[in-house]
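First the structure, in the form of structure tokens, and then the observations on it.
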Protein chains: 4
Amino acid sequence: MRTIGVGLIGTGFMGKCHTLAYRSVRAVFDTAFTPRLVRVCDRRADAAESHAARSGFERATDDWRTVVEDAEVDIVSITTPNKFHCEMALASLEAGKHVYCEKPLALTLDEAERMAAAAAKAVGKTIVGYGYLCNPLYQHARALVGSGAVGRPLFFRGVCDEDYQADPELPWTWRSAKAEAGLGVLGDMMCHLVSMADGLLGPIESVLADCRTHYATRPATGGERLAVENEDVASALVTFESGVTGMISSSRAAWGRKNHLAWELHGDAGMLVQDQERMNELQLFRNEGPTRDQGFKTILAGPAHEPYGKFCPAPGHGLGFNDLKTIELANFLNAIADDAPAYPDFTAALRFERVIHAIARSAESGARVRIANVL
Amino acid sequence: MRTIGVGLIGTGFMGKCHTLAYRSVRAVFDTAFTPRLVRVCDRRADAAESHAARSGFERATDDWRTVVEDAEVDIVSITTPNKFHCEMALASLEAGKHVYCEKPLALTLDEAERMAAAAAKAVGKTIVGYGYLCNPLYQHARALVGSGAVGRPLFFRGVCDEDYQADPELPWTWRSAKAEAGLGVLGDMMCHLVSMADGLLGPIESVLADCRTHYATRPATGGERLAVENEDVASALVTFESGVTGMISSSRAAWGRKNHLAWELHGDAGMLVQDQERMNELQLFRNEGPTRDQGFKTILAGPAHEPYGKFCPAPGHGLGFNDLKTIELANFLNAIADDAPAYPDFTAALRFERVIHAIARSAESGARVRIANVL
Amino acid sequence: MRTIGVGLIGTGFMGKCHTLAYRSVRAVFDTAFTPRLVRVCDRRADAAESHAARSGFERATDDWRTVVEDAEVDIVSITTPNKFHCEMALASLEAGKHVYCEKPLALTLDEAERMAAAAAKAVGKTIVGYGYLCNPLYQHARALVGSGAVGRPLFFRGVCDEDYQADPELPWTWRSAKAEAGLGVLGDMMCHLVSMADGLLGPIESVLADCRTHYATRPATGGERLAVENEDVASALVTFESGVTGMISSSRAAWGRKNHLAWELHGDAGMLVQDQERMNELQLFRNEGPTRDQGFKTILAGPAHEPYGKFCPAPGHGLGFNDLKTIELANFLNAIADDAPAYPDFTAALRFERVIHAIARSAESGARVRIANVL
Amino acid sequence: MRTIGVGLIGTGFMGKCHTLAYRSVRAVFDTAFTPRLVRVCDRRADAAESHAARSGFERATDDWRTVVEDAEVDIVSITTPNKFHCEMALASLEAGKHVYCEKPLALTLDEAERMAAAAAKAVGKTIVGYGYLCNPLYQHARALVGSGAVGRPLFFRGVCDEDYQADPELPWTWRSAKAEAGLGVLGDMMCHLVSMADGLLGPIESVLADCRTHYATRPATGGERLAVENEDVASALVTFESGVTGMISSSRAAWGRKNHLAWELHGDAGMLVQDQERMNELQLFRNEGPTRDQGFKTILAGPAHEPYGKFCPAPGHGLGFNDLKTIELANFLNAIADDAPAYPDFTAALRFERVIHAIARSAESGARVRIANVL
């Protein structure tokens, strides 16, 4: 059995996710590699030390470059704030590492383009953390579309809502600053929805969009109010390259929604509906059999939906959010072992992220923006 | 107790609805008037005769003008195909009748404008059959918005989907012909959604839209295929006069959806969600109390939601689609008795219908259309 | 067209229901008879007068015997409190009338037996108001069971919960007195569940039960507390004559439940689930097709489920509680026209009500009670 | 940081669960101990070797006694078929180990009693794998009951249904043999429901029950049919020591149900409802505020429900089945560190399992069985 050396940069929300995935993946999957936890980095040295001790990393550091330079590190996991992604990813690729980067790729489209270009030339493989693509029932939905179960696709609707910025009196943070966070809800959430639409229906060709900032300012620590510089809600009429049309919308100020990443695909023989808040369910309507017995079917995730069965042989017992990251990692390890592209690599992620930047541009101009033309 | 003479034109889907409402309204409501069923008209004389015999109309006719001219008729109910609405309504108003007209007002915006203009000068009252506005839980939602229960409105999303044109092999009918039906799903369904959005958030100011015809042709009786001349699906980014934004979408080719007239209103302190397929339920989220106990509340219709209790003193027992028309009629009879405008009268309905025509225009031009400018 | 004379006793909750049904039935159904509203009775003369004026009854009275004796009355509707049912029904049958009696038949099993015996010898037809049996999707469920869609029936579970007696501080009413109301939740609600179980699986053979009174006393008007003499909740293990087993339970003190009359039938090839709070939905699971695509299907009521289409040609638009009574009445009018038994007549209703009395007996003794032996 | 040596017996469904928990627990929780994976056992030596290699156990064996005798093993995880639990647990306790045993404790009540007696005298701590008790929203439900949020408890209903034995043509396995499996659905599933009821309302005092075997025989490999010796469905009327009553029911032949471990608790001020198939949701109804705004609230799991936030800082993102075992393990490690009883230890588990044996006895006799008297 081969081991593969892991370096992790960042120990927050996603840093813990990656760690859990590295620790679980071989107990769940028959991957060619067994992860060896080599080095973890956090800007706060004590956080890095503590994470290493708890999670079994051999070395800790507060300097991310030592991770990239560590000869025993094969994969670099980047889970830092978005503005650091580009530099870290470029350095890692240059050092010959494989890169597992959280989404979105970067603050700006320019950075993302550079990252994808670097990845195309690098020996290391890349993958971006669009973990909802790993939901077994989402993949089942894709298979159903592919097999014609709902007929010719006609139309798509999707939303991606949370409420973490719904409270008008929530204090101002770096997330509201363009220079720190880049886009608002587009970069944080809409890109997930785009990745799912893309997987179901292929690339989006153009968008006609509207974005709004609900709360112009937020209270800062000194008592003053600072400007919110990016959008709270974004909506777009979209056309896919296939000619299918649809609409997508995302809000970070949608009270009561916690992970309402939901979509529906209308086909000429049926419909599929999914909501990530009930991630272990998929709704399927097919125009088959007598009308009196037709209806939306609620499919519960089970071993029939690979790789659910790797986690649990009993259907309906439920995967969780972190399990999706374990699947994502297994996909990456398999790609590395097979010397094949992982999905979504930097190229695919760039395709998703061009869409969110196109939405921002269209909202500014009021005109339709073709993805191919977005700068 | 005063009686009020009723003339009904059309005995189809909506003709039966109106009849049931006229027969039930006084057993349910304390209206000033008791309907007297004077005359019913259908182009097929036998259908008119049969309807009269079953439903208690005193006279039957196959000439709609005899209804309008009948001195004992006070209210004219117009439930014929859309293309007849204008002529019948204008004649009725001119004859001094009250007019209860099904939606949409007319085939074209021009006709609708003429109807509203005539109504404004007439002695008779008018009402248009936007029956979902009468759903007690929709009215409760309006009251909640008005009382600030969800805070300042921020954003709106709505869909209105059915599948009556989802089957690609469904035969061609007059509904697909522009000259017969006018708009497609916009006139048949989207106008309902617009009426509900308007009631919650006030008038829409402008739209940026996209419309598509999924099935370019449909099989005709002779074996040939005829063109579908109007849209199967329509979507729009909207801005309300209040500054609130949103998106609305409607499809008549959405497999599995039967009356999925659903909307959500995001406020800065909560959210409301409703779906007419579960018309006796309303979802309410409020940012109040400890986070650990927050969640969407499913409110079941009951006597606390007037006028539910007029139909049934027990909550949760459920109103049906036809009951909404009985409420609509009671509203109309009350308006007549009070010599006050009914809601929605021709003026209000024109406001809704300008929006659907604006959507059609915007979809043609690709540019934002202001409702005030639509021709 | 033949008319049939109607006499109504009682103008409360169910009196209004019956009136609406009489006024609507011919506009909806092709019944042989058209109801003529002859005479209405209420103990309060003004209530009777007012009901007559509003609803079109020709005569009003405060003496129920004048209804029974009215030669122009063919059907007597009995919607009074339970303790009057027996005397009124017997008098009506003796007078040669058809009797439409609300459930339960009577206060005591002895009375119910006498009513059924009288009905068996009478010329008039009888029907008892078990209106949920008229839900088109319940009838569809029965058809599915009959056609083997869920295979051999194995097991049944049902509940019937409301919360109208959930508040511990609700004042004492006659409903809590054995002499006035007879049984508690068994007579008010459990009998509905029994009627539905019986329709799906045939007669129940024996029960093993437990009943409880949650609130021993309730506050009376004078400030004192009076005893609650009947049960708030009742549960039973049941065996059907077919050998199928199951369990049923009903509470009138179930906070949040408004009409939660819900059941599930386990078959060896599938399952059916229904909840009257979502009366326009039926859940069906069938073990067919690939496992990965299996799931519970939500069937929405539509014209494919007769007689839904008589009310509305569009599926998913929803029937309401009162519509079920209109169907019930149509069934009764058809039975009268065909000189055939209606369903459920007094004989069938007695079968249901023997079960609730058996439950009460079993709860007292702690031993299994055979329905055939209940006294 | 202290390590704690782990020995695992069994590498199937639950063996993998335990392994994942041991590998994840320290990355998630601040437990005093870090697990060290010392030795794994499977009767098939190659399965043990393979599991060790993948999951990081230092040693593998096909002789479970070497696990018990391994001086570096502190905790023994027992995940073998039920009939081995007793012998393994007794040996482990005798060797001074802590024991993490899967449910049910044993095949027979006698064995379970011996295990509990041994545990009471042992230095090692015990815990039994009733993992659903670790669902954060179940614990929140308990807290709500404890704080009076739904008032005085009145009544309980619960079901626990799956369909893994629903197919009548499923081959016979050892699960159908009394000597191999002991009880049927009672031991496999009903005990979970009992553990949850007990946690909400305290111990059950007596039961009155009915059990059935739907499929008397199943096809065996030789073509013959072998008898199914234990129950497919079990139902019971229960009385808690507190005086609260209820009913519970469990089937392993309920088509479409995958993990339908669902219960509702009626209080005099509200109701709680939960279904493990939607394990990240809890339904709460409270009689508070105006009637018009009352309804069941759907609470989504989040950081407000400890220890959800240890896994993920974002609410509504969802825990999975395996996460519950990680929580269970953390509870056990904390108990060991604190030298305090874990929950549920062998004593508590025996209390649950006496109830399922009492149900079996009552179903045989037809009489109520007191838990205190069950042998």
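Lettering and numbering for the structure tokens are positional, with chains as A, B, ... in the shown order, residues counted from 1 in each chain, and ligands counted from 1 in the shown order.
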Could you list the residues in chain D lying within 6 Å of chain C, using only C-alpha atoms, and format the result as a PDB file with N, CA and C atoms, in the first residue's frame?
ATOM      1  N   ALA D 254     -41.688  -3.184   6.191  1.00  0.00           N
ATOM      2  CA  ALA D 254     -42.478  -1.990   5.867  1.00  0.00           C
ATOM      3  C   ALA D 254     -41.905  -1.360   4.600  1.00  0.00           C
ATOM      4  N   TRP D 255     -42.420  -1.790   3.464  1.00  0.00           N
ATOM      5  CA  TRP D 255     -41.887  -1.328   2.181  1.00  0.00           C
ATOM      6  C   TRP D 255     -41.761   0.190   2.096  1.00  0.00           C
ATOM      7  N   GLY D 256     -40.601   0.624   1.694  1.00  0.00           N
ATOM      8  CA  GLY D 256     -40.387   2.057   1.474  1.00  0.00           C
ATOM      9  C   GLY D 256     -39.759   2.749   2.663  1.00  0.00           C
ATOM     10  N   HIS D 266     -46.798  13.983  23.022  1.00  0.00           N
ATOM     11  CA  HIS D 266     -47.874  14.943  23.251  1.00  0.00           C
ATOM     12  C   HIS D 266     -47.734  15.512  24.667  1.00  0.00           C
ATOM     13  N   GLY D 270     -47.858  21.449  24.122  1.00  0.00           N
ATOM     14  CA  GLY D 270     -47.231  21.383  22.811  1.00  0.00           C
ATOM     15  C   GLY D 270     -46.924  19.959  22.392  1.00  0.00           C
ATOM     16  N   MET D 271     -46.214  19.833  21.288  1.00  0.00           N
ATOM     17  CA  MET D 271     -45.886  18.509  20.769  1.00  0.00           C
ATOM     18  C   MET D 271     -44.521  18.538  20.093  1.00  0.00           C
ATOM     19  N   PHE D 285     -44.319  21.976  18.085  1.00  0.00           N
ATOM     20  CA  PHE D 285     -45.519  22.821  18.164  1.00  0.00           C
ATOM     21  C   PHE D 285     -45.661  23.291  19.592  1.00  0.00           C
TER      22      PHE D 285
END
Please give the complete set of residues from stretch 66-170 of chain D that DSSP, run on the backbone, assigns to strand (DSSP E or B), formatted as a PyMOL selection string. chain D and resi 75-78+98-101+126-128+153-161
Would you write out those residues with N, CA and C atoms, as a PDB file, in the first residue's frame?
ATOM      1  N   ILE D  75      -9.797  -0.376  25.339  1.00  0.00           N
ATOM      2  CA  ILE D  75     -11.225  -0.474  25.003  1.00  0.00           C
ATOM      3  C   ILE D  75     -11.405  -1.627  24.024  1.00  0.00           C
ATOM      4  N   VAL D  76     -12.419  -2.459  24.285  1.00  0.00           N
ATOM      5  CA  VAL D  76     -12.782  -3.479  23.303  1.00  0.00           C
ATOM      6  C   VAL D  76     -14.115  -3.105  22.664  1.00  0.00           C
ATOM      7  N   SER D  77     -14.103  -2.972  21.347  1.00  0.00           N
ATOM      8  CA  SER D  77     -15.333  -2.715  20.593  1.00  0.00           C
ATOM      9  C   SER D  77     -15.864  -4.042  20.083  1.00  0.00           C
ATOM     10  N   ILE D  78     -17.102  -4.346  20.437  1.00  0.00           N
ATOM     11  CA  ILE D  78     -17.706  -5.613  20.025  1.00  0.00           C
ATOM     12  C   ILE D  78     -18.783  -5.340  18.980  1.00  0.00           C
ATOM     13  N   HIS D  98     -12.427  -1.589  29.084  1.00  0.00           N
ATOM     14  CA  HIS D  98     -13.674  -0.882  28.828  1.00  0.00           C
ATOM     15  C   HIS D  98     -14.338  -1.552  27.623  1.00  0.00           C
ATOM     16  N   VAL D  99     -15.676  -1.607  27.615  1.00  0.00           N
ATOM     17  CA  VAL D  99     -16.367  -2.322  26.545  1.00  0.00           C
ATOM     18  C   VAL D  99     -17.380  -1.428  25.847  1.00  0.00           C
ATOM     19  N   TYR D 100     -17.212  -1.357  24.546  1.00  0.00           N
ATOM     20  CA  TYR D 100     -18.128  -0.603  23.668  1.00  0.00           C
ATOM     21  C   TYR D 100     -18.831  -1.662  22.827  1.00  0.00           C
ATOM     22  N   CYS D 101     -20.036  -2.021  23.238  1.00  0.00           N
ATOM     23  CA  CYS D 101     -20.737  -3.150  22.630  1.00  0.00           C
ATOM     24  C   CYS D 101     -21.913  -2.668  21.791  1.00  0.00           C
ATOM     25  N   THR D 126     -18.645   0.710  30.466  1.00  0.00           N
ATOM     26  CA  THR D 126     -19.357   0.095  29.332  1.00  0.00           C
ATOM     27  C   THR D 126     -20.234   1.132  28.653  1.00  0.00           C
ATOM     28  N   ILE D 127     -20.470   0.888  27.380  1.00  0.00           N
ATOM     29  CA  ILE D 127     -21.456   1.671  26.628  1.00  0.00           C
ATOM     30  C   ILE D 127     -22.020   0.749  25.558  1.00  0.00           C
ATOM     31  N   VAL D 128     -23.287   0.968  25.226  1.00  0.00           N
ATOM     32  CA  VAL D 128     -23.951   0.142  24.219  1.00  0.00           C
ATOM     33  C   VAL D 128     -24.386   1.041  23.067  1.00  0.00           C
ATOM     34  N   PRO D 153     -45.929  16.031  29.966  1.00  0.00           N
ATOM     35  CA  PRO D 153     -46.098  14.962  28.976  1.00  0.00           C
ATOM     36  C   PRO D 153     -47.378  14.171  29.228  1.00  0.00           C
ATOM     37  N   LEU D 154     -48.071  13.867  28.131  1.00  0.00           N
ATOM     38  CA  LEU D 154     -49.347  13.162  28.237  1.00  0.00           C
ATOM     39  C   LEU D 154     -49.329  11.800  27.563  1.00  0.00           C
ATOM     40  N   PHE D 155     -48.638  11.731  26.425  1.00  0.00           N
ATOM     41  CA  PHE D 155     -48.823  10.555  25.575  1.00  0.00           C
ATOM     42  C   PHE D 155     -47.651  10.470  24.617  1.00  0.00           C
ATOM     43  N   PHE D 156     -47.332   9.252  24.209  1.00  0.00           N
ATOM     44  CA  PHE D 156     -46.196   9.009  23.328  1.00  0.00           C
ATOM     45  C   PHE D 156     -46.601   8.018  22.242  1.00  0.00           C
ATOM     46  N   ARG D 157     -46.158   8.291  21.024  1.00  0.00           N
ATOM     47  CA  ARG D 157     -46.304   7.296  19.951  1.00  0.00           C
ATOM     48  C   ARG D 157     -44.982   7.183  19.230  1.00  0.00           C
ATOM     49  N   GLY D 158     -44.603   5.956  18.899  1.00  0.00           N
ATOM     50  CA  GLY D 158     -43.371   5.782  18.143  1.00  0.00           C
ATOM     51  C   GLY D 158     -43.463   4.593  17.215  1.00  0.00           C
ATOM     52  N   VAL D 159     -42.763   4.703  16.104  1.00  0.00           N
ATOM     53  CA  VAL D 159     -42.617   3.563  15.194  1.00  0.00           C
ATOM     54  C   VAL D 159     -41.148   3.445  14.821  1.00  0.00           C
ATOM     55  N   CYS D 160     -40.767   2.251  14.423  1.00  0.00           N
ATOM     56  CA  CYS D 160     -39.408   2.027  13.931  1.00  0.00           C
ATOM     57  C   CYS D 160     -39.505   1.008  12.803  1.00  0.00           C
ATOM     58  N   ASP D 161     -39.498   1.520  11.589  1.00  0.00           N
ATOM     59  CA  ASP D 161     -39.773   0.663  10.434  1.00  0.00           C
ATOM     60  C   ASP D 161     -38.638   0.687   9.432  1.00  0.00           C
TER      61      ASP D 161
END
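Straight-line separation from atom CA of A:Ser362 to atom CA of B:Val369: 16.1 Å.
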Extract, using only C-alpha atoms, all DNA, RNA and protein residues at most 7 Å from stretch 187-190 of chain B, discarding same-chain residues fewer than 4 positions from it, and format them as a PyMOL selection string. chain B and resi 104+160+183+194+250+356
Residues within 12 Å of D:Ala337, please, as a list in words. Count only C-alpha atoms; anything in the same chain fewer than 5 positions from it doesn't count. Met1, Arg2, Thr3, Ile4, Asp30, Thr31, Ala32, Phe33, Thr34, His98, Gly124, Lys125, Ala330, Asn331, Phe332 and Ala342 of chain D
Considering only C-alpha atoms, return as a list in words whatever protein or nucleic-acid residues lie within 12 Å of C:Ala304, sequence-local ones (same chain, fewer than 3 positions apart) excluded.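 Here the qualifying residues turn out to be Pro290, Thr291, Arg292, Asp293 and Gln294 of chain A; Pro136, Leu137, Gln139, His140, Ile299, Leu300, Ala301, Pro307, Tyr308, Gly309, Lys310, Cys312, Pro313, Ala314, Pro315 and Gly316 of chain C.
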Shell of 12 Å around B:Thr347, only C-alpha atoms, local chain residues under 2 positions omitted, as a PyMOL selection string: chain B and resi 105+112-121+125-128+341-345+349-354
How many Å lie between atom CA of A:Glu72 and atom CA of A:Arg39, rounded to one decimal? 8.8 Å
Apply DSSP to the backbone of this structure and, from stretch 146-209 of chain B, keep only the residues in helix (DSSP H, G or I); write these as a ChimeraX atom specification. /B:146,174-176,178-181,185-201
So how many Å separate atom CA of B:Phe13 and atom CA of C:Phe311, to one decimal?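 Answer for the atom CA of B:Phe13 to atom CA of C:Phe311 separation: 8.8 Å.
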Would you kindly return, as a PyMOL selection string, each protein, DNA or RNA residue with an atom no farther than 9 Å from any atom of B:Arg225, considering only C-alpha atoms and excluding same-chain residues fewer than 6 positions away? chain B and resi 171-172+217-219
Could you dump the residues just selected with all heavy atoms as a short mmCIF file (atom, residue, chain, number, x, y, z; two decimals), in the first residue's frame?
data_model
loop_
_atom_site.label_atom_id
_atom_site.label_comp_id
_atom_site.auth_asym_id
_atom_site.auth_seq_id
_atom_site.Cartn_x
_atom_site.Cartn_y
_atom_site.Cartn_z
N PRO B 171 -52.03 17.20 -28.81
CA PRO B 171 -52.48 17.83 -30.07
C PRO B 171 -52.51 19.36 -29.98
O PRO B 171 -52.70 19.93 -28.91
CB PRO B 171 -53.90 17.28 -30.26
CG PRO B 171 -53.96 16.04 -29.42
CD PRO B 171 -53.04 16.29 -28.26
N TRP B 172 -52.34 19.97 -31.10
CA TRP B 172 -52.46 21.42 -31.23
C TRP B 172 -53.89 21.84 -30.92
O TRP B 172 -54.83 21.17 -31.30
CB TRP B 172 -52.10 21.81 -32.67
CG TRP B 172 -51.96 23.29 -32.89
CD1 TRP B 172 -50.83 24.03 -32.86
CD2 TRP B 172 -53.02 24.21 -33.22
NE1 TRP B 172 -51.08 25.35 -33.13
CE2 TRP B 172 -52.43 25.49 -33.36
CE3 TRP B 172 -54.39 24.08 -33.42
CZ2 TRP B 172 -53.17 26.63 -33.67
CZ3 TRP B 172 -55.14 25.21 -33.72
CH2 TRP B 172 -54.51 26.47 -33.85
N THR B 217 -43.83 22.97 -32.68
CA THR B 217 -45.07 22.57 -33.37
C THR B 217 -45.77 21.50 -32.54
O THR B 217 -45.17 20.88 -31.66
CB THR B 217 -44.77 21.95 -34.75
OG1 THR B 217 -43.99 20.75 -34.57
CG2 THR B 217 -44.00 22.92 -35.64
N ARG B 218 -47.02 21.30 -32.86
CA ARG B 218 -47.81 20.23 -32.24
C ARG B 218 -48.62 19.54 -33.33
O ARG B 218 -48.96 20.15 -34.34
CB ARG B 218 -48.74 20.78 -31.16
CG ARG B 218 -47.99 21.23 -29.90
CD ARG B 218 -48.94 21.46 -28.75
NE ARG B 218 -48.21 21.71 -27.51
CZ ARG B 218 -47.71 20.76 -26.72
NH1 ARG B 218 -47.87 19.48 -27.05
NH2 ARG B 218 -47.07 21.07 -25.61
N PRO B 219 -48.91 18.26 -33.14
CA PRO B 219 -49.66 17.53 -34.18
C PRO B 219 -51.11 18.02 -34.27
O PRO B 219 -51.76 18.22 -33.24
CB PRO B 219 -49.61 16.07 -33.69
CG PRO B 219 -49.32 16.14 -32.23
CD PRO B 219 -48.54 17.40 -32.02
#
